[in-house]
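*Asks:* I'd like to ask you about the structure that follows.
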Amino acid sequence: MNNFEFKNPTKIIFGKDQIIKIATEIPKDAKILLLYGGGSIKKNGIYDQVKTALNGFSVEEFGGIPANPEYEVLMQALTVIKEKKITFLLAVGGGSVIDGTKFLSSAALFEGDNPWDILDKKIATLQGMPFATVLTLPATGSEMNSGAVITRTETKQKLTMGGPGLFPVFSILDPSVVSSIPQRQIANGLADAFTHVLEQYMTYPIGALLQDRFAESILQTLKEVAPMILKDPSDYKAAANFMWSCTMALNGLIQKGVPGDWAIHMMGHELTALFGIDHARTLAILAESHYTYNFDSKKEKLAQYAERVWDITEGSLEEKAKVGIQKTTAFFHSLGIKTKLSEYTTDYEGTGAEVARRLEERGMTALGEHQSLTPSDAAKIVDMSY
Ligand code: NZQ
Ligand code: ZN
């Protein structure tokens, strides 16, 4: 096991009817900016619950943060933060609203001239404006981590940012919110969280027995609840397990002491930037090609995954490892997610080369757990996903 340090300061408030607790967690003298997305919270009652909890607080609002949070929209929110002298941000939404809020938390205290530098020059955020979240869509884990992904449509860029100053102060996780989520977004959440675990697990054995079993237990739980939650999003037991699995998949715990891959995410962000494909679906497009292309360096973990998550007991290590890849693709299909780029766009020719060019431009020339994947390898993996 590798050496590690672990600190996650985010307070989780989990369960039914917990949104009201915002009132006891935010300082009474805070000047709050409530941030949300395209308006789903106004239809499913979450907005009303938040407003009730904020009764008596000083609150401004900023709605309209789109999926794949857009830099230009966030800059409008930054103006509100400055003009209204906001001191506390409250994100009510999924990964996009939370990530957008993280950018604002950083940009609000940024001392440079151009907030785009936070993303473009990869400036780590050591201190941000305090913020909290009310999660409406289990998927990204953003509610308990310090990373964010921001899109700039003008330049077709989707860039990551983060730093120890970007953990939410607290996050409210009420599984009841799952009942209003459309099937497409539930499927996305399951696929995103599943792949988050794979990115931190499907590397090489390093003697981290507990981390392996944490990871496998999250995969097993997602696999078990997926059909239940797709059939009935108001199944509270399934929703609660789905929600907590998504948070645990990317709150740092399972990454500690083990190598991480993340190549699927880095290539996937380019597919979203180029074609607007939902984040989770880009991961489903790339997973099989990535694991097939890197079969030799990943086969031990692939076989262990096949055995422990998919109960494959027959065959050689290589045979089990191959079944592990097939089972992963079949899992995405069981969620109704297509796994070929050509099923999302007819304009896919040349995508491998374009992804490689973009990774090169960004200095991302050493991907994967061995930092051995070059842009030319990425091009081949993307080509295999057509
Ligand atoms: O905008 P609204 O009206 O809120 O509707 C949203 C949006 O259309 C809707 N929705 C959310 N909660 C709902 C609901 N509809 C009905 N009922 C509810 N309770 O769902 C749609 C998608 O929302 P979005 O926030 O975009 O989805 P998700 O949570 O999957 O977030 C995706 C974004 O997170 C980034 C992705 O790249 C993408 O930009 N990621 C962030 C990560 C992180 N910060 O750690 C890691 C991930 O790997 C990922 O990259
Ligand atoms: Zn993801």
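Chains: A, B, ... in order of the structure tokens. Residues: from 1 per chain. Ligands: from 1, in order shown.
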Please provide the set of residues having any atom within 10 Å of Phe167 in chain A, restricted to only C-alpha atoms, with same-chain residues fewer than 4 positions apart removed, written as an mmCIF file with N, CA, C and O atoms, in the first residue's frame.
*Replies:*
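Dumped to around.cif:
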data_model
loop_
_atom_site.group_PDB
_atom_site.id
_atom_site.type_symbol
_atom_site.label_atom_id
_atom_site.label_comp_id
_atom_site.auth_asym_id
_atom_site.auth_seq_id
_atom_site.Cartn_x
_atom_site.Cartn_y
_atom_site.Cartn_z
ATOM 1 N N ASN A 8 -11.109 14.620 5.004
ATOM 2 C CA ASN A 8 -12.289 15.086 4.287
ATOM 3 C C ASN A 8 -13.180 15.834 5.275
ATOM 4 O O ASN A 8 -13.819 15.230 6.126
ATOM 5 N N PRO A 9 -13.193 17.168 5.175
ATOM 6 C CA PRO A 9 -13.883 17.975 6.195
ATOM 7 C C PRO A 9 -15.390 18.143 5.986
ATOM 8 O O PRO A 9 -16.042 18.783 6.808
ATOM 9 N N THR A 10 -15.939 17.597 4.897
ATOM 10 C CA THR A 10 -17.361 17.848 4.610
ATOM 11 C C THR A 10 -18.280 17.099 5.574
ATOM 12 O O THR A 10 -18.157 15.874 5.724
ATOM 13 N N LYS A 11 -19.197 17.833 6.188
ATOM 14 C CA LYS A 11 -20.193 17.200 7.074
ATOM 15 C C LYS A 11 -21.347 16.699 6.213
ATOM 16 O O LYS A 11 -21.899 17.452 5.407
ATOM 17 N N LYS A 102 -18.481 25.511 -6.959
ATOM 18 C CA LYS A 102 -17.064 25.412 -6.552
ATOM 19 C C LYS A 102 -16.211 26.427 -7.324
ATOM 20 O O LYS A 102 -15.315 27.069 -6.760
ATOM 21 N N GLN A 127 -8.026 28.292 -0.579
ATOM 22 C CA GLN A 127 -9.149 28.795 0.227
ATOM 23 C C GLN A 127 -10.219 29.341 -0.698
ATOM 24 O O GLN A 127 -9.921 30.090 -1.640
ATOM 25 N N GLY A 128 -11.462 28.959 -0.450
ATOM 26 C CA GLY A 128 -12.561 29.476 -1.254
ATOM 27 C C GLY A 128 -13.605 30.092 -0.344
ATOM 28 O O GLY A 128 -13.529 29.973 0.882
ATOM 29 N N PRO A 130 -16.900 30.008 1.646
ATOM 30 C CA PRO A 130 -17.599 28.827 2.159
ATOM 31 C C PRO A 130 -18.864 28.529 1.358
ATOM 32 O O PRO A 130 -19.574 29.455 0.963
ATOM 33 N N PHE A 131 -19.100 27.237 1.129
ATOM 34 C CA PHE A 131 -20.314 26.849 0.395
ATOM 35 C C PHE A 131 -20.812 25.515 0.923
ATOM 36 O O PHE A 131 -20.063 24.747 1.530
ATOM 37 N N ALA A 132 -22.098 25.267 0.679
ATOM 38 C CA ALA A 132 -22.713 23.994 1.069
ATOM 39 C C ALA A 132 -23.575 23.508 -0.089
ATOM 40 O O ALA A 132 -23.801 24.257 -1.049
ATOM 41 N N SER A 142 -19.489 15.032 -6.166
ATOM 42 C CA SER A 142 -19.020 16.409 -5.969
ATOM 43 C C SER A 142 -19.440 16.971 -4.610
ATOM 44 O O SER A 142 -18.789 17.861 -4.074
ATOM 45 N N GLU A 143 -20.536 16.419 -4.051
ATOM 46 C CA GLU A 143 -21.033 16.894 -2.761
ATOM 47 C C GLU A 143 -20.069 16.597 -1.608
ATOM 48 O O GLU A 143 -20.223 17.119 -0.510
ATOM 49 N N MET A 144 -19.072 15.734 -1.835
ATOM 50 C CA MET A 144 -18.141 15.424 -0.744
ATOM 51 C C MET A 144 -16.697 15.351 -1.243
ATOM 52 O O MET A 144 -15.873 14.657 -0.672
ATOM 53 N N ASN A 145 -16.419 16.070 -2.340
ATOM 54 C CA ASN A 145 -15.021 16.141 -2.774
ATOM 55 C C ASN A 145 -14.665 17.586 -3.123
ATOM 56 O O ASN A 145 -15.499 18.481 -2.999
ATOM 57 N N SER A 146 -13.430 17.784 -3.536
ATOM 58 C CA SER A 146 -12.954 19.157 -3.743
ATOM 59 C C SER A 146 -12.573 19.412 -5.195
ATOM 60 O O SER A 146 -11.737 20.256 -5.483
ATOM 61 N N GLY A 147 -13.211 18.664 -6.110
ATOM 62 C CA GLY A 147 -12.920 18.857 -7.531
ATOM 63 C C GLY A 147 -14.125 19.415 -8.260
ATOM 64 O O GLY A 147 -15.251 19.342 -7.777
ATOM 65 N N GLY A 162 -9.619 22.322 -8.765
ATOM 66 C CA GLY A 162 -9.836 21.793 -7.421
ATOM 67 C C GLY A 162 -8.822 22.335 -6.439
ATOM 68 O O GLY A 162 -8.123 23.306 -6.716
ATOM 69 N N GLY A 163 -8.782 21.704 -5.285
ATOM 70 C CA GLY A 163 -7.849 22.129 -4.237
ATOM 71 C C GLY A 163 -8.498 21.960 -2.880
ATOM 72 O O GLY A 163 -9.720 21.872 -2.774
ATOM 73 N N SER A 171 -23.107 18.953 3.298
ATOM 74 C CA SER A 171 -23.971 18.555 2.187
ATOM 75 C C SER A 171 -25.160 17.785 2.739
ATOM 76 O O SER A 171 -24.994 16.904 3.582
ATOM 77 N N ASN A 251 -15.302 10.293 -2.783
ATOM 78 C CA ASN A 251 -15.015 11.255 -1.706
ATOM 79 C C ASN A 251 -13.585 11.101 -1.196
ATOM 80 O O ASN A 251 -13.234 11.621 -0.148
#
*Asks:* Residues at most 8 Å from Ala284 in chain A, counting only C-alpha atoms, excluding those fewer than 2 positions away in the same chain, as a PDB file with all heavy atoms, in the first residue's frame?
*Replies:*
ATOM      1  N   ALA A 191     -23.970   4.895 -13.876  1.00  0.00           N
ATOM      2  CA  ALA A 191     -22.788   4.639 -14.719  1.00  0.00           C
ATOM      3  C   ALA A 191     -21.592   5.490 -14.282  1.00  0.00           C
ATOM      4  O   ALA A 191     -20.448   5.013 -14.277  1.00  0.00           O
ATOM      5  CB  ALA A 191     -23.131   4.928 -16.183  1.00  0.00           C
ATOM      6  N   ALA A 280     -21.548  10.777 -18.166  1.00  0.00           N
ATOM      7  CA  ALA A 280     -21.521   9.343 -17.841  1.00  0.00           C
ATOM      8  C   ALA A 280     -21.479   8.490 -19.111  1.00  0.00           C
ATOM      9  O   ALA A 280     -20.854   7.426 -19.146  1.00  0.00           O
ATOM     10  CB  ALA A 280     -22.751   8.982 -17.015  1.00  0.00           C
ATOM     11  N   ARG A 281     -22.148   8.950 -20.151  1.00  0.00           N
ATOM     12  CA  ARG A 281     -22.206   8.154 -21.388  1.00  0.00           C
ATOM     13  C   ARG A 281     -20.858   8.131 -22.100  1.00  0.00           C
ATOM     14  O   ARG A 281     -20.506   7.144 -22.738  1.00  0.00           O
ATOM     15  CB  ARG A 281     -23.349   8.656 -22.277  1.00  0.00           C
ATOM     16  CG  ARG A 281     -24.674   8.234 -21.651  1.00  0.00           C
ATOM     17  CD  ARG A 281     -25.918   8.912 -22.153  1.00  0.00           C
ATOM     18  NE  ARG A 281     -26.922   8.733 -21.106  1.00  0.00           N
ATOM     19  CZ  ARG A 281     -27.981   7.909 -21.168  1.00  0.00           C
ATOM     20  NH1 ARG A 281     -28.243   7.248 -22.265  1.00  0.00           N
ATOM     21  NH2 ARG A 281     -28.779   7.778 -20.129  1.00  0.00           N
ATOM     22  N   THR A 282     -20.089   9.208 -21.958  1.00  0.00           N
ATOM     23  CA  THR A 282     -18.742   9.184 -22.555  1.00  0.00           C
ATOM     24  C   THR A 282     -17.898   8.092 -21.887  1.00  0.00           C
ATOM     25  O   THR A 282     -17.069   7.457 -22.547  1.00  0.00           O
ATOM     26  CB  THR A 282     -18.015  10.536 -22.404  1.00  0.00           C
ATOM     27  OG1 THR A 282     -17.711  10.789 -21.016  1.00  0.00           O
ATOM     28  CG2 THR A 282     -18.819  11.687 -22.971  1.00  0.00           C
ATOM     29  N   LEU A 286     -16.072   4.607 -23.607  1.00  0.00           N
ATOM     30  CA  LEU A 286     -14.624   4.385 -23.621  1.00  0.00           C
ATOM     31  C   LEU A 286     -14.152   3.197 -22.790  1.00  0.00           C
ATOM     32  O   LEU A 286     -13.048   2.674 -23.025  1.00  0.00           O
ATOM     33  CB  LEU A 286     -13.918   5.648 -23.114  1.00  0.00           C
ATOM     34  CG  LEU A 286     -14.037   6.863 -24.044  1.00  0.00           C
ATOM     35  CD1 LEU A 286     -13.703   8.144 -23.294  1.00  0.00           C
ATOM     36  CD2 LEU A 286     -13.132   6.689 -25.264  1.00  0.00           C
ATOM     37  N   ALA A 287     -14.957   2.750 -21.818  1.00  0.00           N
ATOM     38  CA  ALA A 287     -14.448   1.764 -20.846  1.00  0.00           C
ATOM     39  C   ALA A 287     -13.941   0.480 -21.518  1.00  0.00           C
ATOM     40  O   ALA A 287     -12.811   0.048 -21.273  1.00  0.00           O
ATOM     41  CB  ALA A 287     -15.534   1.443 -19.815  1.00  0.00           C
ATOM     42  N   GLU A 288     -14.772  -0.122 -22.369  1.00  0.00           N
ATOM     43  CA  GLU A 288     -14.366  -1.410 -22.951  1.00  0.00           C
ATOM     44  C   GLU A 288     -13.071  -1.259 -23.770  1.00  0.00           C
ATOM     45  O   GLU A 288     -12.157  -2.081 -23.652  1.00  0.00           O
ATOM     46  CB  GLU A 288     -15.487  -1.982 -23.827  1.00  0.00           C
ATOM     47  CG  GLU A 288     -15.091  -3.304 -24.459  1.00  0.00           C
ATOM     48  CD  GLU A 288     -16.243  -4.054 -25.123  1.00  0.00           C
ATOM     49  OE1 GLU A 288     -17.388  -3.961 -24.633  1.00  0.00           O
ATOM     50  OE2 GLU A 288     -15.982  -4.722 -26.133  1.00  0.00           O
ATOM     51  N   THR A 329     -19.545  -3.834 -19.919  1.00  0.00           N
ATOM     52  CA  THR A 329     -20.335  -3.313 -21.045  1.00  0.00           C
ATOM     53  C   THR A 329     -21.801  -3.727 -20.891  1.00  0.00           C
ATOM     54  O   THR A 329     -22.712  -2.909 -21.098  1.00  0.00           O
ATOM     55  CB  THR A 329     -19.764  -3.849 -22.373  1.00  0.00           C
ATOM     56  OG1 THR A 329     -18.384  -3.464 -22.440  1.00  0.00           O
ATOM     57  CG2 THR A 329     -20.493  -3.278 -23.577  1.00  0.00           C
ATOM     58  N   PHE A 332     -23.607  -1.460 -18.476  1.00  0.00           N
ATOM     59  CA  PHE A 332     -24.038  -0.186 -19.076  1.00  0.00           C
ATOM     60  C   PHE A 332     -25.283  -0.404 -19.935  1.00  0.00           C
ATOM     61  O   PHE A 332     -26.229   0.387 -19.889  1.00  0.00           O
ATOM     62  CB  PHE A 332     -22.915   0.433 -19.911  1.00  0.00           C
ATOM     63  CG  PHE A 332     -21.715   0.873 -19.099  1.00  0.00           C
ATOM     64  CD1 PHE A 332     -20.409   0.586 -19.501  1.00  0.00           C
ATOM     65  CD2 PHE A 332     -21.879   1.591 -17.917  1.00  0.00           C
ATOM     66  CE1 PHE A 332     -19.312   0.986 -18.755  1.00  0.00           C
ATOM     67  CE2 PHE A 332     -20.780   2.003 -17.155  1.00  0.00           C
ATOM     68  CZ  PHE A 332     -19.495   1.694 -17.584  1.00  0.00           C
ATOM     69  N   ILE A 337     -27.823   2.357 -21.593  1.00  0.00           N
ATOM     70  CA  ILE A 337     -26.777   3.256 -22.097  1.00  0.00           C
ATOM     71  C   ILE A 337     -26.033   2.603 -23.253  1.00  0.00           C
ATOM     72  O   ILE A 337     -25.547   1.473 -23.130  1.00  0.00           O
ATOM     73  CB  ILE A 337     -25.800   3.634 -20.956  1.00  0.00           C
ATOM     74  CG1 ILE A 337     -26.544   4.491 -19.927  1.00  0.00           C
ATOM     75  CG2 ILE A 337     -24.571   4.355 -21.488  1.00  0.00           C
ATOM     76  CD1 ILE A 337     -25.689   4.989 -18.788  1.00  0.00           C
ATOM     77  N   LYS A 338     -25.946   3.306 -24.364  1.00  0.00           N
ATOM     78  CA  LYS A 338     -25.232   2.786 -25.544  1.00  0.00           C
ATOM     79  C   LYS A 338     -23.731   3.000 -25.360  1.00  0.00           C
ATOM     80  O   LYS A 338     -23.310   3.978 -24.732  1.00  0.00           O
ATOM     81  CB  LYS A 338     -25.727   3.493 -26.798  1.00  0.00           C
ATOM     82  CG  LYS A 338     -27.214   3.273 -27.039  1.00  0.00           C
ATOM     83  CD  LYS A 338     -27.618   3.806 -28.399  1.00  0.00           C
ATOM     84  CE  LYS A 338     -29.029   3.360 -28.728  1.00  0.00           C
ATOM     85  NZ  LYS A 338     -30.023   4.391 -28.391  1.00  0.00           N
ATOM     86  N   THR A 339     -22.945   2.084 -25.934  1.00  0.00           N
ATOM     87  CA  THR A 339     -21.508   2.095 -25.618  1.00  0.00           C
ATOM     88  C   THR A 339     -20.602   2.299 -26.844  1.00  0.00           C
ATOM     89  O   THR A 339     -19.408   2.042 -26.767  1.00  0.00           O
ATOM     90  CB  THR A 339     -21.120   0.782 -24.908  1.00  0.00           C
ATOM     91  OG1 THR A 339     -21.576  -0.307 -25.693  1.00  0.00           O
ATOM     92  CG2 THR A 339     -21.740   0.684 -23.518  1.00  0.00           C
TER      93      THR A 339
END
*Asks:* List as JSON lines every residue of chain A that is in contact with ligand 1, defined as an atom at most 8 Å from one of its atoms (using only C-alpha atoms and all ligand atoms), together with the nearest atom pair and the distance in Å rounded to one decimal, sorted by chain and then rising number.
*Replies:*
{"residue": "A:Tyr36", "atom": "CA", "partner": "ligand 1", "partner_atom_place_in_ligand_line": "4 (O)", "distance": 6.3}
{"residue": "A:Gly37", "atom": "CA", "partner": "ligand 1", "partner_atom_place_in_ligand_line": "1 (O)", "distance": 3.5}
{"residue": "A:Gly38", "atom": "CA", "partner": "ligand 1", "partner_atom_place_in_ligand_line": "3 (O)", "distance": 3.4}
{"residue": "A:Gly39", "atom": "CA", "partner": "ligand 1", "partner_atom_place_in_ligand_line": "3 (O)", "distance": 4.0}
{"residue": "A:Ser40", "atom": "CA", "partner": "ligand 1", "partner_atom_place_in_ligand_line": "3 (O)", "distance": 3.7}
{"residue": "A:Ile41", "atom": "CA", "partner": "ligand 1", "partner_atom_place_in_ligand_line": "4 (O)", "distance": 6.1}
{"residue": "A:Asn44", "atom": "CA", "partner": "ligand 1", "partner_atom_place_in_ligand_line": "17 (N)", "distance": 6.5}
{"residue": "A:Ile46", "atom": "CA", "partner": "ligand 1", "partner_atom_place_in_ligand_line": "19 (N)", "distance": 7.9}
{"residue": "A:Gly64", "atom": "CA", "partner": "ligand 1", "partner_atom_place_in_ligand_line": "1 (O)", "distance": 7.0}
{"residue": "A:Ile65", "atom": "CA", "partner": "ligand 1", "partner_atom_place_in_ligand_line": "1 (O)", "distance": 6.6}
{"residue": "A:Pro66", "atom": "CA", "partner": "ligand 1", "partner_atom_place_in_ligand_line": "1 (O)", "distance": 5.6}
{"residue": "A:Ala67", "atom": "CA", "partner": "ligand 1", "partner_atom_place_in_ligand_line": "26 (O)", "distance": 3.6}
{"residue": "A:Asn68", "atom": "CA", "partner": "ligand 1", "partner_atom_place_in_ligand_line": "39 (O)", "distance": 3.7}
{"residue": "A:Pro69", "atom": "CA", "partner": "ligand 1", "partner_atom_place_in_ligand_line": "39 (O)", "distance": 6.0}
{"residue": "A:Val92", "atom": "CA", "partner": "ligand 1", "partner_atom_place_in_ligand_line": "4 (O)", "distance": 7.9}
{"residue": "A:Gly93", "atom": "CA", "partner": "ligand 1", "partner_atom_place_in_ligand_line": "4 (O)", "distance": 5.3}
{"residue": "A:Gly94", "atom": "CA", "partner": "ligand 1", "partner_atom_place_in_ligand_line": "25 (O)", "distance": 3.4}
{"residue": "A:Gly95", "atom": "CA", "partner": "ligand 1", "partner_atom_place_in_ligand_line": "31 (O)", "distance": 3.4}
{"residue": "A:Ser96", "atom": "CA", "partner": "ligand 1", "partner_atom_place_in_ligand_line": "25 (O)", "distance": 3.7}
{"residue": "A:Val97", "atom": "CA", "partner": "ligand 1", "partner_atom_place_in_ligand_line": "25 (O)", "distance": 5.7}
{"residue": "A:Ile98", "atom": "CA", "partner": "ligand 1", "partner_atom_place_in_ligand_line": "44 (N)", "distance": 7.3}
{"residue": "A:Asp99", "atom": "CA", "partner": "ligand 1", "partner_atom_place_in_ligand_line": "44 (N)", "distance": 5.4}
{"residue": "A:Leu135", "atom": "CA", "partner": "ligand 1", "partner_atom_place_in_ligand_line": "12 (N)", "distance": 7.6}
{"residue": "A:Thr136", "atom": "CA", "partner": "ligand 1", "partner_atom_place_in_ligand_line": "19 (N)", "distance": 4.3}
{"residue": "A:Leu137", "atom": "CA", "partner": "ligand 1", "partner_atom_place_in_ligand_line": "12 (N)", "distance": 4.3}
{"residue": "A:Pro138", "atom": "CA", "partner": "ligand 1", "partner_atom_place_in_ligand_line": "29 (O)", "distance": 6.3}
{"residue": "A:Ala139", "atom": "CA", "partner": "ligand 1", "partner_atom_place_in_ligand_line": "29 (O)", "distance": 5.1}
{"residue": "A:Thr140", "atom": "CA", "partner": "ligand 1", "partner_atom_place_in_ligand_line": "47 (C)", "distance": 4.5}
{"residue": "A:Gly141", "atom": "CA", "partner": "ligand 1", "partner_atom_place_in_ligand_line": "45 (O)", "distance": 5.4}
{"residue": "A:Ser142", "atom": "CA", "partner": "ligand 1", "partner_atom_place_in_ligand_line": "44 (N)", "distance": 4.0}
{"residue": "A:Glu143", "atom": "CA", "partner": "ligand 1", "partner_atom_place_in_ligand_line": "44 (N)", "distance": 7.7}
{"residue": "A:Asn145", "atom": "CA", "partner": "ligand 1", "partner_atom_place_in_ligand_line": "45 (O)", "distance": 6.1}
{"residue": "A:Ser146", "atom": "CA", "partner": "ligand 1", "partner_atom_place_in_ligand_line": "45 (O)", "distance": 7.0}
{"residue": "A:Gly147", "atom": "CA", "partner": "ligand 1", "partner_atom_place_in_ligand_line": "44 (N)", "distance": 4.7}
{"residue": "A:Ala148", "atom": "CA", "partner": "ligand 1", "partner_atom_place_in_ligand_line": "44 (N)", "distance": 3.9}
{"residue": "A:Val149", "atom": "CA", "partner": "ligand 1", "partner_atom_place_in_ligand_line": "37 (O)", "distance": 5.4}
{"residue": "A:Ile150", "atom": "CA", "partner": "ligand 1", "partner_atom_place_in_ligand_line": "39 (O)", "distance": 6.5}
{"residue": "A:Thr151", "atom": "CA", "partner": "ligand 1", "partner_atom_place_in_ligand_line": "39 (O)", "distance": 7.4}
{"residue": "A:Lys158", "atom": "CA", "partner": "ligand 1", "partner_atom_place_in_ligand_line": "37 (O)", "distance": 7.9}
{"residue": "A:Val177", "atom": "CA", "partner": "ligand 1", "partner_atom_place_in_ligand_line": "19 (N)", "distance": 4.9}
{"residue": "A:Val178", "atom": "CA", "partner": "ligand 1", "partner_atom_place_in_ligand_line": "19 (N)", "distance": 5.6}
{"residue": "A:Ser179", "atom": "CA", "partner": "ligand 1", "partner_atom_place_in_ligand_line": "19 (N)", "distance": 7.2}
{"residue": "A:Ser180", "atom": "CA", "partner": "ligand 1", "partner_atom_place_in_ligand_line": "17 (N)", "distance": 4.3}
{"residue": "A:Ile181", "atom": "CA", "partner": "ligand 1", "partner_atom_place_in_ligand_line": "17 (N)", "distance": 3.7}
{"residue": "A:Pro182", "atom": "CA", "partner": "ligand 1", "partner_atom_place_in_ligand_line": "16 (C)", "distance": 5.9}
{"residue": "A:Gln185", "atom": "CA", "partner": "ligand 1", "partner_atom_place_in_ligand_line": "20 (O)", "distance": 5.6}
{"residue": "A:Asn188", "atom": "CA", "partner": "ligand 1", "partner_atom_place_in_ligand_line": "30 (O)", "distance": 6.2}
{"residue": "A:Gly189", "atom": "CA", "partner": "ligand 1", "partner_atom_place_in_ligand_line": "30 (O)", "distance": 5.8}
{"residue": "A:Asp192", "atom": "CA", "partner": "ligand 1", "partner_atom_place_in_ligand_line": "48 (O)", "distance": 6.5}
{"residue": "A:Ala193", "atom": "CA", "partner": "ligand 1", "partner_atom_place_in_ligand_line": "48 (O)", "distance": 7.9}
{"residue": "A:His196", "atom": "CA", "partner": "ligand 1", "partner_atom_place_in_ligand_line": "48 (O)", "distance": 6.7}
{"residue": "A:Leu250", "atom": "CA", "partner": "ligand 1", "partner_atom_place_in_ligand_line": "45 (O)", "distance": 6.7}
{"residue": "A:His265", "atom": "CA", "partner": "ligand 1", "partner_atom_place_in_ligand_line": "48 (O)", "distance": 6.6}
{"residue": "A:His269", "atom": "CA", "partner": "ligand 1", "partner_atom_place_in_ligand_line": "37 (O)", "distance": 6.6}
{"residue": "A:Asp278", "atom": "CA", "partner": "ligand 1", "partner_atom_place_in_ligand_line": "38 (C)", "distance": 7.4}
{"residue": "A:His279", "atom": "CA", "partner": "ligand 1", "partner_atom_place_in_ligand_line": "37 (O)", "distance": 5.2}
{"residue": "A:Ala280", "atom": "CA", "partner": "ligand 1", "partner_atom_place_in_ligand_line": "30 (O)", "distance": 6.9}
*Asks:* Looking at only C-alpha atoms and all ligand atoms, which of A:Ser58, A:Lys42, A:Leu283, A:Thr203 is the one that sits closest to ligand 2?
*Replies:* A:Leu283
*Asks:* Find the residue from A:Ile12, A:Ala306, A:Ile22, A:Ile81 that sits nearest to Trp244 in chain A; use only C-alpha atoms when measuring.
*Replies:*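 Smallest distance to Trp244 in chain A is found for A:Ile12.
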*Asks:* Could you check the closest approach to ligand 2 for each of A:Asn294, A:Asn241, A:Ser334, A:Thr195 and tell me which residue wins, using only C-alpha atoms and all ligand atoms?
*Replies:*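 Selected residue with least distance to ligand 2: A:Thr195.
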*Asks:* Residues within 9 Å of Ile325 in chain A, please, as a PyMOL selection string. Count only C-alpha atoms; anything in the same chain fewer than 2 positions from it doesn't count.
*Replies:* chain A and resi 287-288+291-292+302+306+320-323+327-330
*Asks:* Taking 3 positions as the minimum chain separation for residues in the same chain, which residues sit within 8 Å of Phe57 in chain A when counting only C-alpha atoms? Answer as a list in words.
*Replies:*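 The residues satisfying every condition are Lys28, Asp29, Ala30, Lys31, Ile32 and Leu54 of chain A.
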*Asks:* Just list the residues in range 118-322 of chain A DSSP gives alpha helix (DSSP H) on the backbone, as a PyMOL selection string.
*Replies:* chain A and resi 118-120+183-201+209-231+236-249+263-275+279-293+295-310+317-322
*Asks:* Which residue gives the smallest distance to ligand 2 among A:Gln200, A:Gln183, A:Gln220, A:Thr79, with only C-alpha atoms and all ligand atoms counted?
*Replies:*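 Closest to ligand 2 of all the choices is A:Gln200.
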*Asks:* Using only C-alpha atoms, which protein or nucleic acid residues come within 10 Å of Thr153 in chain A? Drop anything in the same chain fewer than 6 positions from it, and give the result as number ranges by chain.
*Replies:* A: 68-72, 273-274, 276
*Asks:* Could you write out that same residue set with C-alpha atoms as an mmCIF file, in the first residue's frame?
*Replies:*
data_model
loop_
_atom_site.group_PDB
_atom_site.id
_atom_site.type_symbol
_atom_site.label_atom_id
_atom_site.label_comp_id
_atom_site.auth_asym_id
_atom_site.auth_seq_id
_atom_site.Cartn_x
_atom_site.Cartn_y
_atom_site.Cartn_z
ATOM 1 C CA ASN A 68 -21.915 20.876 -17.941
ATOM 2 C CA PRO A 69 -21.692 24.205 -16.083
ATOM 3 C CA GLU A 70 -20.865 27.010 -18.448
ATOM 4 C CA TYR A 71 -18.135 29.520 -17.677
ATOM 5 C CA GLU A 72 -19.980 32.476 -19.246
ATOM 6 C CA ALA A 273 -16.605 19.073 -25.142
ATOM 7 C CA LEU A 274 -16.732 17.952 -28.800
ATOM 8 C CA GLY A 276 -22.121 17.411 -25.894
#
*Asks:* For a test of reading the model, state the distance in Å between CA of Gly100 in chain A and CA of Tyr47 in chain A, rounded to one decimal.
*Replies:*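 It comes out at 18.0 Å.
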*Asks:* What does the distance from CA of Gly268 in chain A to CA of Pro227 in chain A come to in Å, to one decimal?
*Replies:*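 If I compute the distance from CA of Gly268 in chain A to CA of Pro227 in chain A, I get 25.1 Å.
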*Asks:* Skip Lys256 in chain A itself and residues of its chain fewer than 4 positions away, then list as a VMD selection string all residues within 10 Å of it, counting only C-alpha atoms.
*Replies:* chain A and resid 1 to 6 200 208 211 252 260
